[in-house]
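Peer 1: Supplied structure: structure-v9.csv, CSV, N, CA and C atoms.
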chain,number,residue,atom,x,y,z
A,1,MET,N,0.8,-1.2,0.0
A,1,MET,CA,0.0,0.0,0.0
A,1,MET,C,0.8,1.3,0.0
A,2,GLY,N,1.9,1.3,0.7
A,2,GLY,CA,2.7,2.5,0.9
A,2,GLY,C,3.6,2.7,-0.4
A,3,LEU,N,3.7,1.7,-1.3
A,3,LEU,CA,4.5,1.9,-2.5
A,3,LEU,C,3.7,2.4,-3.6
A,4,ARG,N,4.3,3.3,-4.4
A,4,ARG,CA,3.6,3.9,-5.5
A,4,ARG,C,4.4,3.7,-6.7
A,5,LEU,N,3.8,3.5,-7.8
A,5,LEU,CA,4.5,3.4,-9.1
A,5,LEU,C,5.0,4.8,-9.5
A,6,ARG,N,6.1,4.8,-10.2
A,6,ARG,CA,6.7,6.1,-10.6
A,6,ARG,C,5.8,7.0,-11.4
A,7,ASN,N,5.1,6.4,-12.4
A,7,ASN,CA,4.3,7.2,-13.3
A,7,ASN,C,2.9,7.4,-12.9
A,8,GLN,N,2.5,6.8,-11.8
A,8,GLN,CA,1.1,6.9,-11.4
A,8,GLN,C,0.9,8.2,-10.6
A,9,LEU,N,-0.1,9.0,-11.0
A,9,LEU,CA,-0.4,10.2,-10.3
A,9,LEU,C,-1.7,10.1,-9.5
A,10,ARG,N,-1.8,10.8,-8.4
A,10,ARG,CA,-3.0,10.8,-7.7
A,10,ARG,C,-4.0,11.7,-8.4
A,11,VAL,N,-5.2,11.2,-8.5
A,11,VAL,CA,-6.3,12.0,-9.2
A,11,VAL,C,-7.3,12.5,-8.2
A,12,ARG,N,-7.6,13.8,-8.2
A,12,ARG,CA,-8.6,14.3,-7.3
A,12,ARG,C,-10.0,14.1,-7.9
A,13,PRO,N,-10.9,13.8,-7.1
A,13,PRO,CA,-12.3,13.7,-7.7
A,13,PRO,C,-12.8,15.0,-8.2
A,14,GLN,N,-13.5,14.9,-9.3
A,14,GLN,CA,-14.0,16.1,-9.9
A,14,GLN,C,-15.3,16.6,-9.2
A,15,ILE,N,-15.3,17.8,-8.9
A,15,ILE,CA,-16.5,18.4,-8.2
A,15,ILE,C,-17.3,19.2,-9.3
A,16,ARG,N,-18.5,18.8,-9.5
A,16,ARG,CA,-19.3,19.5,-10.5
A,16,ARG,C,-19.8,20.8,-10.0
A,17,MET,N,-19.5,21.9,-10.7
A,17,MET,CA,-19.9,23.2,-10.3
A,17,MET,C,-21.1,23.7,-11.2
A,18,SER,N,-22.2,23.3,-10.8
A,18,SER,CA,-23.4,23.7,-11.5
A,18,SER,C,-24.0,24.9,-11.0
A,19,GLY,N,-24.9,25.5,-11.7
A,19,GLY,CA,-25.5,26.8,-11.2
A,19,GLY,C,-26.3,26.6,-9.9
A,20,SER,N,-26.9,25.4,-9.8
A,20,SER,CA,-27.7,25.2,-8.6
A,20,SER,C,-26.8,25.1,-7.3
A,21,ASN,N,-25.6,24.6,-7.5
A,21,ASN,CA,-24.7,24.5,-6.3
A,21,ASN,C,-24.2,25.9,-6.0
A,22,LEU,N,-23.9,26.7,-7.0
A,22,LEU,CA,-23.4,28.0,-6.7
A,22,LEU,C,-24.5,28.9,-6.1
A,23,ALA,N,-25.7,28.7,-6.5
A,23,ALA,CA,-26.8,29.5,-6.0
A,23,ALA,C,-27.0,29.3,-4.5
A,24,SER,N,-26.8,28.1,-4.1
A,24,SER,CA,-26.9,27.8,-2.7
A,24,SER,C,-25.8,28.3,-1.9
A,25,LEU,N,-24.6,28.5,-2.5
A,25,LEU,CA,-23.4,29.1,-1.8
A,25,LEU,C,-23.4,30.6,-1.8
A,26,ASP,N,-24.3,31.2,-2.7
A,26,ASP,CA,-24.3,32.7,-2.8
A,26,ASP,C,-25.1,33.3,-1.6
A,27,ILE,N,-24.4,33.6,-0.6
A,27,ILE,CA,-25.0,34.2,0.6
A,27,ILE,C,-24.7,35.6,0.6
A,28,ARG,N,-25.6,36.5,0.5
A,28,ARG,CA,-25.4,37.9,0.4
A,28,ARG,C,-25.2,38.5,1.8
A,29,MET,N,-24.1,39.3,1.9
A,29,MET,CA,-23.8,39.9,3.2
A,29,MET,C,-24.6,41.2,3.3
A,30,ALA,N,-25.1,41.6,4.4
A,30,ALA,CA,-25.8,42.9,4.5
A,30,ALA,C,-24.7,43.9,4.5
A,31,PRO,N,-24.9,45.1,3.9
A,31,PRO,CA,-23.9,46.1,3.9
A,31,PRO,C,-23.7,46.7,5.3
A,32,ARG,N,-22.4,46.9,5.6
A,32,ARG,CA,-22.1,47.4,6.9
A,32,ARG,C,-21.1,48.5,6.8
A,33,VAL,N,-21.1,49.4,7.8
A,33,VAL,CA,-20.1,50.5,7.8
A,33,VAL,C,-19.4,50.3,9.1
A,34,ARG,N,-18.1,50.4,9.1
A,34,ARG,CA,-17.3,50.4,10.3
A,34,ARG,C,-16.8,51.7,10.7
A,35,ILE,N,-17.2,52.1,11.9
A,35,ILE,CA,-16.8,53.4,12.5
A,35,ILE,C,-16.3,53.2,13.9
A,36,PHE,N,-15.1,53.6,14.1
A,36,PHE,CA,-14.4,53.4,15.4
A,36,PHE,C,-14.5,51.9,15.9
A,37,ASN,N,-14.2,51.0,15.0
A,37,ASN,CA,-14.2,49.6,15.3
A,37,ASN,C,-15.6,49.0,15.8
A,38,ARG,N,-16.6,49.7,15.4
A,38,ARG,CA,-18.0,49.2,15.6
A,38,ARG,C,-18.6,49.1,14.2
A,39,HIS,N,-19.4,48.0,14.0
A,39,HIS,CA,-20.0,47.8,12.7
A,39,HIS,C,-21.5,48.2,12.8
A,40,TRP,N,-21.9,48.9,11.9
A,40,TRP,CA,-23.3,49.4,11.8
A,40,TRP,C,-23.9,48.8,10.5
A,41,HIS,N,-25.0,48.1,10.7
A,41,HIS,CA,-25.7,47.5,9.6
A,41,HIS,C,-26.6,48.5,8.9
A,42,LEU,N,-26.6,48.5,7.5
A,42,LEU,CA,-27.4,49.4,6.7
A,42,LEU,C,-28.5,48.6,6.0
A,43,PRO,N,-29.5,49.3,5.5
A,43,PRO,CA,-30.5,48.6,4.8
A,43,PRO,C,-30.0,47.9,3.6
A,44,GLU,N,-30.6,46.8,3.2
A,44,GLU,CA,-30.1,46.0,2.0
A,44,GLU,C,-30.5,46.6,0.7
A,45,SER,N,-31.5,47.5,0.7
A,45,SER,CA,-32.0,48.1,-0.5
A,45,SER,C,-31.1,49.2,-0.9
A,46,LYS,N,-30.6,49.2,-2.2
A,46,LYS,CA,-29.7,50.2,-2.7
A,46,LYS,C,-30.4,51.6,-2.7
A,47,PRO,N,-31.6,51.7,-3.2
A,47,PRO,CA,-32.2,53.0,-3.3
A,47,PRO,C,-32.4,53.6,-1.9
A,48,ILE,N,-32.7,52.8,-0.9
A,48,ILE,CA,-32.9,53.3,0.5
A,48,ILE,C,-31.5,53.8,1.0
A,49,ARG,N,-30.5,53.0,0.8
A,49,ARG,CA,-29.1,53.5,1.2
A,49,ARG,C,-28.7,54.8,0.6
A,50,ILE,N,-29.0,54.9,-0.7
A,50,ILE,CA,-28.6,56.2,-1.4
A,50,ILE,C,-29.5,57.3,-0.8
A,51,GLY,N,-30.8,57.1,-0.6
A,51,GLY,CA,-31.6,58.1,-0.1
A,51,GLY,C,-31.2,58.5,1.3
A,52,LEU,N,-30.8,57.5,2.1
A,52,LEU,CA,-30.3,57.8,3.5
A,52,LEU,C,-29.0,58.7,3.5
A,53,GLY,N,-28.1,58.3,2.6
A,53,GLY,CA,-26.9,59.1,2.4
A,53,GLY,C,-27.1,60.5,2.0
A,54,ILE,N,-28.0,60.7,1.0
A,54,ILE,CA,-28.4,62.1,0.6
A,54,ILE,C,-29.1,62.9,1.7
A,55,LEU,N,-30.0,62.2,2.4
A,55,LEU,CA,-30.7,62.8,3.5
A,55,LEU,C,-29.7,63.3,4.6
A,56,LEU,N,-28.7,62.4,4.9
A,56,LEU,CA,-27.7,62.8,6.0
A,56,LEU,C,-26.9,64.0,5.5
A,57,ILE,N,-26.5,64.0,4.2
A,57,ILE,CA,-25.7,65.2,3.8
A,57,ILE,C,-26.6,66.4,3.8
A,58,ALA,N,-27.8,66.3,3.3
A,58,ALA,CA,-28.7,67.5,3.3
A,58,ALA,C,-29.0,68.0,4.7
A,59,LEU,N,-29.2,67.2,5.6
A,59,LEU,CA,-29.5,67.6,7.0
A,59,LEU,C,-28.2,68.1,7.6
A,60,GLY,N,-27.0,67.6,7.2
A,60,GLY,CA,-25.8,68.1,7.7
A,60,GLY,C,-25.4,69.5,7.3
A,61,LEU,N,-26.0,69.9,6.1
A,61,LEU,CA,-25.8,71.3,5.7
A,61,LEU,C,-26.5,72.2,6.6
A,62,LEU,N,-27.5,71.8,7.3
A,62,LEU,CA,-28.2,72.6,8.3
A,62,LEU,C,-27.6,72.4,9.7
A,63,GLY,N,-26.3,72.2,9.7
A,63,GLY,CA,-25.6,71.8,11.0
A,63,GLY,C,-25.6,73.0,12.0
A,64,PHE,N,-25.9,74.2,11.6
A,64,PHE,CA,-25.9,75.3,12.5
A,64,PHE,C,-27.1,75.2,13.4
A,65,LEU,N,-28.1,74.4,13.0
A,65,LEU,CA,-29.3,74.3,13.9
A,65,LEU,C,-29.1,73.3,15.0
A,66,PRO,N,-29.8,73.4,16.1
A,66,PRO,CA,-29.7,72.4,17.2
A,66,PRO,C,-30.1,71.1,16.7
A,67,VAL,N,-29.6,70.0,17.3
A,67,VAL,CA,-29.8,68.6,17.1
A,67,VAL,C,-29.1,68.2,15.8
A,68,LEU,N,-29.2,68.9,14.7
A,68,LEU,CA,-28.5,68.5,13.5
A,68,LEU,C,-27.0,69.0,13.7
A,69,GLY,N,-26.2,68.4,12.9
A,69,GLY,CA,-24.8,68.8,13.0
A,69,GLY,C,-24.0,68.5,11.7
A,70,PHE,N,-22.8,69.2,11.7
A,70,PHE,CA,-22.0,69.0,10.5
A,70,PHE,C,-21.4,67.6,10.4
A,71,TRP,N,-21.5,66.9,11.5
A,71,TRP,CA,-21.0,65.5,11.5
A,71,TRP,C,-21.8,64.6,10.6
A,72,MET,N,-23.0,65.0,10.2
A,72,MET,CA,-23.8,64.2,9.4
A,72,MET,C,-23.3,64.2,7.9
A,73,ILE,N,-22.5,65.2,7.5
A,73,ILE,CA,-22.0,65.2,6.1
A,73,ILE,C,-21.0,64.0,5.9
A,74,PRO,N,-20.0,63.9,6.7
A,74,PRO,CA,-19.1,62.7,6.4
A,74,PRO,C,-19.8,61.4,6.6
A,75,LEU,N,-20.8,61.3,7.5
A,75,LEU,CA,-21.5,60.1,7.7
A,75,LEU,C,-22.3,59.8,6.4
A,76,GLY,N,-22.9,60.8,5.9
A,76,GLY,CA,-23.7,60.6,4.6
A,76,GLY,C,-22.8,60.2,3.5
A,77,LEU,N,-21.6,60.7,3.4
A,77,LEU,CA,-20.6,60.3,2.3
A,77,LEU,C,-20.2,58.9,2.6
A,78,LEU,N,-20.1,58.5,3.8
A,78,LEU,CA,-19.7,57.1,4.1
A,78,LEU,C,-20.7,56.1,3.7
A,79,VAL,N,-22.0,56.5,3.9
A,79,VAL,CA,-23.1,55.6,3.5
A,79,VAL,C,-23.2,55.6,1.9
A,80,LEU,N,-23.0,56.7,1.3
A,80,LEU,CA,-23.0,56.8,-0.2
A,80,LEU,C,-21.8,56.0,-0.8
A,81,SER,N,-20.7,55.9,-0.1
A,81,SER,CA,-19.5,55.2,-0.6
A,81,SER,C,-19.7,53.7,-0.8
A,82,ILE,N,-20.8,53.2,-0.3
A,82,ILE,CA,-21.1,51.8,-0.5
A,82,ILE,C,-21.5,51.5,-1.9
A,83,ASP,N,-22.3,52.5,-2.4
A,83,ASP,CA,-23.0,52.3,-3.7
A,83,ASP,C,-22.5,53.1,-4.9
A,84,ILE,N,-21.8,54.2,-4.6
A,84,ILE,CA,-21.4,55.1,-5.6
A,84,ILE,C,-19.8,55.1,-5.7
A,85,PRO,N,-19.3,54.6,-6.9
A,85,PRO,CA,-17.9,54.4,-7.0
A,85,PRO,C,-17.0,55.6,-6.8
A,86,ILE,N,-17.4,56.8,-7.3
A,86,ILE,CA,-16.6,58.0,-7.1
A,86,ILE,C,-16.4,58.4,-5.6
A,87,VAL,N,-17.5,58.2,-4.9
A,87,VAL,CA,-17.4,58.5,-3.4
A,87,VAL,C,-16.6,57.5,-2.7
A,88,ARG,N,-16.7,56.2,-3.2
A,88,ARG,CA,-15.8,55.1,-2.6
A,88,ARG,C,-14.4,55.4,-2.9
A,89,ARG,N,-14.1,55.9,-4.1
A,89,ARG,CA,-12.7,56.3,-4.4
A,89,ARG,C,-12.1,57.4,-3.5
A,90,TRP,N,-13.0,58.4,-3.3
A,90,TRP,CA,-12.6,59.5,-2.4
A,90,TRP,C,-12.3,59.0,-1.0
A,91,ARG,N,-13.2,58.1,-0.5
A,91,ARG,CA,-13.1,57.6,0.9
A,91,ARG,C,-11.8,56.8,1.0
A,92,ARG,N,-11.5,56.0,0.0
A,92,ARG,CA,-10.3,55.2,0.0
A,92,ARG,C,-9.0,56.0,-0.1
A,93,GLN,N,-9.0,57.1,-0.9
A,93,GLN,CA,-7.9,58.0,-1.0
A,93,GLN,C,-7.7,58.7,0.3
A,94,LEU,N,-8.7,59.1,1.0
A,94,LEU,CA,-8.6,59.7,2.3
A,94,LEU,C,-8.0,58.7,3.3
A,95,ALA,N,-8.5,57.5,3.3
A,95,ALA,CA,-8.0,56.5,4.3
A,95,ALA,C,-6.5,56.2,4.0
A,96,VAL,N,-6.1,56.1,2.8
A,96,VAL,CA,-4.7,55.9,2.5
A,96,VAL,C,-3.8,57.1,2.9
A,97,TRP,N,-4.3,58.3,2.6
A,97,TRP,CA,-3.6,59.5,3.0
A,97,TRP,C,-3.5,59.5,4.6
A,98,TRP,N,-4.6,59.3,5.3
A,98,TRP,CA,-4.6,59.3,6.7
A,98,TRP,C,-3.6,58.4,7.3
A,99,HIS,N,-3.6,57.1,6.8
A,99,HIS,CA,-2.7,56.1,7.4
A,99,HIS,C,-1.2,56.4,7.1
A,100,ARG,N,-1.0,56.9,5.9
A,100,ARG,CA,0.4,57.3,5.5
A,100,ARG,C,0.9,58.4,6.4
A,101,ASP,N,0.0,59.4,6.6
A,101,ASP,CA,0.4,60.6,7.4
A,101,ASP,C,0.7,60.1,8.8
A,102,ARG,N,-0.1,59.3,9.4
A,102,ARG,CA,0.1,58.8,10.8
A,102,ARG,C,1.4,58.0,10.9
A,103,LYS,N,1.6,57.2,9.8
A,103,LYS,CA,2.8,56.3,9.9
A,103,LYS,C,4.1,57.2,9.8
A,104,ALA,N,4.0,58.3,9.0
A,104,ALA,CA,5.2,59.2,8.9
A,104,ALA,C,5.3,60.0,10.2
A,105,GLY,N,4.2,60.3,10.9
A,105,GLY,CA,4.3,61.0,12.1
A,105,GLY,C,4.9,60.1,13.2
A,106,LYS,N,4.6,58.9,13.2
A,106,LYS,CA,5.1,57.9,14.2
A,106,LYS,C,6.6,57.7,14.0
A,107,ALA,N,7.0,57.7,12.7
A,107,ALA,CA,8.4,57.5,12.4
A,107,ALA,C,9.2,58.7,12.8
A,108,GLU,N,8.7,59.9,12.6
A,108,GLU,CA,9.4,61.1,13.1
A,108,GLU,C,9.5,61.1,14.6
A,109,ALA,N,8.5,60.6,15.3
A,109,ALA,CA,8.5,60.7,16.8
A,109,ALA,C,9.5,59.7,17.3
A,110,ARG,N,9.8,58.6,16.6
A,110,ARG,CA,10.7,57.6,17.0
A,110,ARG,C,12.2,58.0,16.8
A,111,THR,N,12.5,58.8,15.8
A,111,THR,CA,13.9,59.1,15.5
A,111,THR,C,14.3,60.2,16.5
A,112,PRO,N,15.4,60.0,17.2
A,112,PRO,CA,15.8,61.1,18.2
A,112,PRO,C,16.3,62.3,17.4
A,113,ALA,N,16.1,63.4,18.1
A,113,ALA,CA,16.5,64.7,17.6
A,113,ALA,C,18.0,64.8,17.6
A,114,PRO,N,18.6,65.5,16.6
A,114,PRO,CA,20.1,65.6,16.7
A,114,PRO,C,20.5,66.4,17.9
A,115,ALA,N,21.6,66.1,18.5
A,115,ALA,CA,22.2,66.8,19.6
A,115,ALA,C,22.7,68.2,19.2
A,116,PRO,N,22.4,69.2,20.0
A,116,PRO,CA,22.9,70.5,19.6
A,116,PRO,C,24.4,70.6,19.6
A,117,ARG,N,24.9,71.3,18.6
A,117,ARG,CA,26.4,71.4,18.5
A,117,ARG,C,26.9,72.7,19.2
A,118,ASN,N,27.9,72.5,20.0
A,118,ASN,CA,28.5,73.7,20.7
A,118,ASN,C,29.6,74.3,19.8
A,119,SER,N,29.2,75.4,19.2
A,119,SER,CA,30.1,76.1,18.3
A,119,SER,C,30.6,77.4,18.9
A,120,LYS,N,31.9,77.6,18.9
A,120,LYS,CA,32.4,78.8,19.4
A,120,LYS,C,32.8,79.7,18.3
A,121,VAL,N,32.4,80.9,18.4
A,121,VAL,CA,32.7,81.9,17.3
A,121,VAL,C,33.9,82.7,17.8
A,122,GLY,N,34.9,82.8,16.9
A,122,GLY,CA,36.0,83.7,17.1
A,122,GLY,C,37.1,83.2,17.7
Could you write out this file's structure as structure tokens?

Peer 2:
Amino acid sequence: MGLRLRNQLRVRPQIRMSGSNLASLDIRMAPRVRIFNRHWHLPESKPIRIGLGILLIALGLLGFLPVLGFWMIPLGLLVLSIDIPIVRRWRRQLAVWWHRDRKAGKAEARTPAPAPRNSKVG
């Protein structure tokens, strides 16, 4: 049993990938937004998500009123970034810039400042 012929290869069983098998594996995830390491579930309907994002931005423009605030504008853009590619691109560029800037700031904080030189004039 432990001996194998040189030219004999092990053959894997073929798994048939039919449409019915793939349909049963296609489990849709509900859209989520992560803010401060907390996940917030959003509606599954794309028109409702877009409407919610536009509503948040519109109400955020009235941020000078009590209860409403300017914090609603970035939240609305975050909700819109799920469905609108240009807003998603802006969000991703902002995230990359933010993490690069933080990484550069940490690297500068780790490097020691050069020691002052005692120079005598004259």

Peer 1: Can you measure CA of Leu94 (chain A) to CA of Gly53 (chain A) for me? One decimal in Å is fine.

Peer 2: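 Value for the CA of Leu94 (chain A)-CA of Gly53 (chain A) distance: 18.3 Å.
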
Peer 1: Between atom C of Trp97 (chain A) and CA of Phe36 (chain A), what is the distance, to one decimal in Å?

Peer 2: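 That distance, rounded to one decimal, is 16.5 Å.
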
Peer 1: DSSP on the backbone: which residues in region 28-77 of chain A end up as helix (DSSP H, G or I)? Give the answer as an MDAnalysis selection string.

Peer 2: chainID A and resid 46:60 72:77

Peer 1: Residues near Pro43 (chain A), anyone? I mean within 8 Å using only N, CA and C atoms, not counting same-chain ones fewer than 5 positions away, as a PyMOL selection string.

Peer 2: chain A and resi 30-32+48-49

Peer 1: What is the atom N of Arg88 (chain A)-atom C of Ala104 (chain A) distance in Å, reported with one decimal?

Peer 2: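 The value is 26.0 Å.
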
Peer 1: For region 66-78 of chain A, list every protein, DNA or RNA residue within 6 Å, evaluated using only C-alpha atoms, and leave out those in the same chain fewer than 6 positions away; present the list as a ChimeraX atom specification.

Peer 2: /A:53,56-57,60
